[in-house]
Amino acid sequence: MSNLKKAAPWVLPSILTAIAVAWAVDAIGGILADQAAPPFAYSVAVLYDAVWLYALAQETAHRRQGSSARLPKVIGWVFLPLTVAVLGAHGLLAGDVLAAVVGALIPVLAKVTLAMAIDRDRTRISPRAQAAIDRTRAATRDRIAVSRAVAAARADETMAAAEIVKAAQEAEAKAVTVTHDAFERYAEVIDRHPLPEPLGELPGLVSDSDLEALLSGGVPEGVPALGTGGDSRSADRSGTGDGTPPQESAKEANNRAVAMLAAQLYATDPPPSKRKFRAAMRAEMNARGLTGSWDTIDALYDREKALPGPGGGNQ
């Protein structure tokens with residue numbers, strides 16, 4: 001019973017509004033049909049009345065909750081005289097003055113009865129209460145906006161962190177790949193160009209006993225030679241202490257020993273490369289106390305290489 005009592009004030013406005021909408025559709029469509037195709041003309045009429053009904057519905061909703069209905073009111077009052085004019089013009093064009101008057105009154109009566117129903121049904125609140133409601137709604141909208149902004153910022157932060165982690169992992173993977181490729185290239189270079197063999201493994205080295213026999217046979221007992229523990233500078237180059245002339249000087253003995261050492265080191269099958277020969281010569285000369293420059297070692301290598309025979313280059 002209460003629902004029927006609430007709905008009763010809306011019956012007459014609803015009927016009048018429906019009649020006004022139907023009459024407006026027929027009038028606008030009939031007028032525009034003379035200028036365009038009927039489907040297009042009547043679709044324009046339907047859209048016109050749809051906007052009018054939407055404005056009336058929004059005005060009703062706003063008044064019920066006590067909020068401002070300024071824009072729906074403006075649209076409703078603008079469409080009312082336009083609808084009245086269209087319905088009156090449609091009746092006059094048809095040659096029926098009574099139809100023109102009645103058609104023009106229908107939307108006016110619908111608007112008036114609808115306004116009365118809205119005024120009776122709307123919530124009555126004071127301007128102070130309405131202001132409080134507006135402030136609460138504004139604060140709520142602000143909180144919602146802030147919450148959305150915070151959520152968007154957190155999402156952006158999460159995405160940025162994920163991108164940083166992804167970039168770091170890609171950099172680590174690239175570093176591992178580069179390191180692996182470098183080790184592969186290093187191993188390939190070592191396989192193609194091996195380092196010299198250990199000097200102790202080279203065959204044909206002059207032993208200490210052979211070198212001692214060589215030096216003792218070429219240098220008198222009173223004159224020490226390089227490589228045997230003595231200092232050649234302490235000996236008299238013109239002879240020994242008792243006046244006996246030396247058979248061979250210390251420098252000549254050193255050069256002779258170096259030459260024989262070179263012959264021994266080169267006499268391998270196949271002969272060593274110049275790089276291995278130089279390394280072996282320098283190691284053995286340092287071990288035996290012999291002296292000689294790199295130019296001397298290179299000259300001995302070239303001489304051995306040019307000599308005919310099993311170890312030479314001209315065979």
# chains A, B, ... in the order shown; residues from 1 in each chain; ligands from 1

call {"tool": "residues_around", "arguments": {"residues": "stretch 51-56 of chain A", "least_positions_apart": "5", "cutoff": "7 Å", "atoms": "only C-alpha atoms", "output": "ChimeraX atom specification"}}
result
/A:72,75-76,79

call {"tool": "closest_residue", "arguments": {"among": "A:Asp34, A:Asn286, A:Lys274, A:Ala259", "to": "A:Asp298", "atoms": "only C-alpha atoms"}}
result
A:Lys274

call {"tool": "residues_around", "arguments": {"residues": "A:Asn255", "least_positions_apart": "6", "cutoff": "9 Å", "atoms": "only C-alpha atoms", "output": "compact mmCIF listing (two decimals) with N, CA and C atoms, in the first residue's frame"}}
result
# COMPACT_ATOMS: atom_id res chain seq x y z
N LEU A 290 128.30 -17.64 -17.98
CA LEU A 290 128.82 -17.14 -19.24
C LEU A 290 128.14 -15.82 -19.59
N THR A 291 128.86 -15.03 -20.38
CA THR A 291 128.32 -13.73 -20.77
C THR A 291 128.19 -13.67 -22.28
N GLY A 292 127.26 -12.80 -22.72
CA GLY A 292 127.04 -12.62 -24.15
C GLY A 292 125.76 -11.84 -24.39

call {"tool": "residues_around", "arguments": {"residues": "A:Leu32", "least_positions_apart": "5", "cutoff": "8 Å", "atoms": "only C-alpha atoms", "output": "number ranges by chain"}}
result
A: 38, 41-42

call {"tool": "closest_residue", "arguments": {"among": "A:Ala280, A:Ala267, A:Ile31, A:Ala262", "to": "A:Thr296", "atoms": "only C-alpha atoms"}}
result
A:Ala262

call {"tool": "atom_distance", "arguments": {"atom1": "atom CA of A:Gly91", "atom2": "atom CA of A:Gly30"}}
result
10.9 Å

call {"tool": "closest_residue", "arguments": {"among": "A:Leu105, A:Gln58, A:Phe183, A:Leu114", "to": "A:Leu71", "atoms": "only C-alpha atoms"}}
result
A:Gln58

call {"tool": "closest_residue", "arguments": {"among": "A:Leu265, A:Ala18, A:Leu47, A:Ala287", "to": "A:Glu304", "atoms": "only C-alpha atoms"}}
result
A:Leu265

call {"tool": "atom_distance", "arguments": {"atom1": "atom CA of A:Arg141", "atom2": "atom CA of A:Thr158"}}
result
25.7 Å
